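What follows is a short report on a single structure.
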Amino acid sequence: MPANKPSEIDTATVRRIARLARIAVKDAELPALAKELGGILAWVAVLDEVDTAAVAPMASVHDEVLRWREDRVTDGGYSADIVANAPAQEAGFFAVPKVVE
C-alpha cells in the first residue's frame with residue numbers, strides 16, 4: 001500500500017456516486033466501499049507525484065506506423081452469399097414482415 005494516507009470518502013459520497021452510476025448498493029456495503037474508494041484515490045495521489053516533465057506525450061504505447069490503404073467504397077461482394085441464408089428475400093434483399101402501418 002502507498003505510504004500516503006487514503007483520501008477520506010464518507011458513506012454519503014459513496015451513496016451519491018452509486019446513485020449517479022445507477023448501481024444498487026446496500027447500506028451495509030457503504031463503509032467497505034468508502035474504504036476501497038479511498039484506497040483508489042490514494043493510489044491516484046501517488047501517481048500525481050510522479051515527475052513526467054521529461055516524458056513526451058504519446059497516443060499509443062507502441063511505436064508503430066499505421067499501414068495505409070486506398071480509401072474506396074465497395075459492397076464487399078458477398079451480398080448473394082448473405083441473402084442466401086435469409087428465410088425470405090426479394091430483389092436481392094432480406095424480406096421482412098411489415099411492422100408499421
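Starting from 1 in every chain, residues are counted up; chains themselves are A, B, ... following the order of the C-alpha cells, and ligands are numbered from 1 as listed.
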**Request:** Could you pull out the residues in stretch 6-97 of chain A that DSSP calls helix (DSSP H, G or I) from the backbone, as a PyMOL selection string?
**Result:** chain A and resi 11-20+27-48+79-83
Please, could you write that set of residues out with N, CA and C atoms as a CSV table (one decimal), in the first residue's frame?
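Generated output (again_2.csv):
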```csv
chain,number,residue,atom,x,y,z
A,11,THR,N,-19.6,7.7,3.6
A,11,THR,CA,-20.7,6.9,3.1
A,11,THR,C,-21.7,7.7,2.3
A,12,ALA,N,-21.9,9.0,2.6
A,12,ALA,CA,-22.8,9.8,1.9
A,12,ALA,C,-22.3,10.0,0.4
A,13,THR,N,-21.0,10.2,0.3
A,13,THR,CA,-20.4,10.3,-1.0
A,13,THR,C,-20.5,9.0,-1.8
A,14,VAL,N,-20.3,7.9,-1.2
A,14,VAL,CA,-20.4,6.6,-1.9
A,14,VAL,C,-21.9,6.4,-2.3
A,15,ARG,N,-22.8,6.7,-1.4
A,15,ARG,CA,-24.2,6.6,-1.8
A,15,ARG,C,-24.6,7.5,-3.0
A,16,ARG,N,-24.0,8.7,-3.0
A,16,ARG,CA,-24.3,9.6,-4.2
A,16,ARG,C,-23.6,9.1,-5.5
A,17,ILE,N,-22.4,8.6,-5.4
A,17,ILE,CA,-21.8,8.0,-6.5
A,17,ILE,C,-22.5,6.8,-7.1
A,18,ALA,N,-23.0,6.0,-6.2
A,18,ALA,CA,-23.8,4.8,-6.6
A,18,ALA,C,-25.1,5.2,-7.2
A,19,ARG,N,-25.7,6.2,-6.7
A,19,ARG,CA,-27.0,6.7,-7.3
A,19,ARG,C,-26.7,7.3,-8.7
A,20,LEU,N,-25.6,8.1,-8.8
A,20,LEU,CA,-25.3,8.6,-10.2
A,20,LEU,C,-24.9,7.6,-11.2
A,27,ASP,N,-26.9,-0.4,2.3
A,27,ASP,CA,-26.3,0.4,3.3
A,27,ASP,C,-25.2,-0.3,4.1
A,28,ALA,N,-25.3,-1.6,4.3
A,28,ALA,CA,-24.2,-2.3,5.0
A,28,ALA,C,-22.9,-2.3,4.1
A,29,GLU,N,-23.0,-2.2,2.8
A,29,GLU,CA,-21.8,-2.2,2.0
A,29,GLU,C,-21.1,-0.9,1.9
A,30,LEU,N,-21.8,0.2,2.3
A,30,LEU,CA,-21.2,1.6,2.1
A,30,LEU,C,-19.9,1.8,2.8
A,31,PRO,N,-19.7,1.4,4.0
A,31,PRO,CA,-18.4,1.7,4.7
A,31,PRO,C,-17.2,1.0,4.0
A,32,ALA,N,-17.4,-0.3,3.5
A,32,ALA,CA,-16.4,-1.0,2.9
A,32,ALA,C,-16.1,-0.4,1.5
A,33,LEU,N,-17.1,0.1,0.8
A,33,LEU,CA,-16.9,0.7,-0.5
A,33,LEU,C,-16.2,2.1,-0.3
A,34,ALA,N,-16.5,2.8,0.8
A,34,ALA,CA,-15.8,4.1,1.1
A,34,ALA,C,-14.4,3.8,1.3
A,35,LYS,N,-14.0,2.8,2.0
A,35,LYS,CA,-12.6,2.5,2.3
A,35,LYS,C,-11.9,2.1,1.0
A,36,GLU,N,-12.5,1.3,0.1
A,36,GLU,CA,-11.9,0.9,-1.2
A,36,GLU,C,-11.7,2.1,-2.1
A,37,LEU,N,-12.7,3.0,-2.1
A,37,LEU,CA,-12.6,4.2,-3.0
A,37,LEU,C,-11.5,5.1,-2.4
A,38,GLY,N,-11.4,5.2,-1.1
A,38,GLY,CA,-10.3,6.0,-0.5
A,38,GLY,C,-8.9,5.5,-0.9
A,39,GLY,N,-8.8,4.1,-0.9
A,39,GLY,CA,-7.6,3.5,-1.3
A,39,GLY,C,-7.2,3.8,-2.7
A,40,ILE,N,-8.2,3.7,-3.6
A,40,ILE,CA,-8.0,4.0,-5.0
A,40,ILE,C,-7.5,5.5,-5.2
A,41,LEU,N,-8.2,6.4,-4.5
A,41,LEU,CA,-7.8,7.8,-4.6
A,41,LEU,C,-6.4,8.0,-4.0
A,42,ALA,N,-6.0,7.2,-3.0
A,42,ALA,CA,-4.6,7.3,-2.5
A,42,ALA,C,-3.6,6.9,-3.6
A,43,TRP,N,-3.9,5.8,-4.3
A,43,TRP,CA,-3.0,5.4,-5.4
A,43,TRP,C,-2.9,6.4,-6.5
A,44,VAL,N,-4.0,7.1,-6.8
A,44,VAL,CA,-4.0,8.2,-7.8
A,44,VAL,C,-3.1,9.3,-7.3
A,45,ALA,N,-3.2,9.6,-6.0
A,45,ALA,CA,-2.4,10.7,-5.4
A,45,ALA,C,-0.9,10.3,-5.6
A,46,VAL,N,-0.5,9.0,-5.4
A,46,VAL,CA,0.9,8.6,-5.6
A,46,VAL,C,1.3,8.8,-7.1
A,47,LEU,N,0.4,8.5,-8.0
A,47,LEU,CA,0.7,8.7,-9.4
A,47,LEU,C,0.9,10.2,-9.7
A,48,ASP,N,0.1,11.1,-9.0
A,48,ASP,CA,0.3,12.5,-9.2
A,48,ASP,C,1.7,13.0,-8.8
A,79,SER,N,-23.0,-10.1,-51.1
A,79,SER,CA,-24.4,-9.9,-50.9
A,79,SER,C,-25.2,-11.2,-51.2
A,80,ALA,N,-24.9,-11.9,-52.3
A,80,ALA,CA,-25.6,-13.1,-52.7
A,80,ALA,C,-25.4,-14.2,-51.6
A,81,ASP,N,-24.2,-14.3,-51.1
A,81,ASP,CA,-24.0,-15.3,-50.0
A,81,ASP,C,-24.8,-15.0,-48.7
A,82,ILE,N,-24.8,-13.7,-48.4
A,82,ILE,CA,-25.5,-13.3,-47.2
A,82,ILE,C,-27.0,-13.5,-47.4
A,83,VAL,N,-27.6,-13.0,-48.4
A,83,VAL,CA,-29.1,-13.1,-48.7
A,83,VAL,C,-29.5,-14.6,-48.8
```
**Request:** Taking the DSSP assignment computed from this structure's backbone, write out as a ChimeraX atom specification all residues of chain A that belong to strand (DSSP E or B).
**Result:** /A:89-90,93-94
Take the selection from the previous step and output its residues with N, CA and C atoms, as a short mmCIF file (atom, residue, chain, number, x, y, z; two decimals), in the first residue's frame.
```
data_model
loop_
_atom_site.label_atom_id
_atom_site.label_comp_id
_atom_site.auth_asym_id
_atom_site.auth_seq_id
_atom_site.Cartn_x
_atom_site.Cartn_y
_atom_site.Cartn_z
N GLN A 89 -36.49 -13.54 -49.30
CA GLN A 89 -35.74 -12.48 -49.95
C GLN A 89 -36.52 -11.94 -51.14
N GLU A 90 -36.20 -10.71 -51.47
CA GLU A 90 -36.89 -10.07 -52.58
C GLU A 90 -35.91 -9.10 -53.25
N PHE A 93 -32.58 -8.57 -51.49
CA PHE A 93 -32.61 -8.02 -50.14
C PHE A 93 -33.39 -8.94 -49.21
N PHE A 94 -33.17 -8.79 -47.90
CA PHE A 94 -33.96 -9.53 -46.93
C PHE A 94 -35.40 -9.03 -47.00
#
```
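Picture a line from atom CA of A:Glu101 to atom CA of A:Ala86; it runs 23.4 Å.
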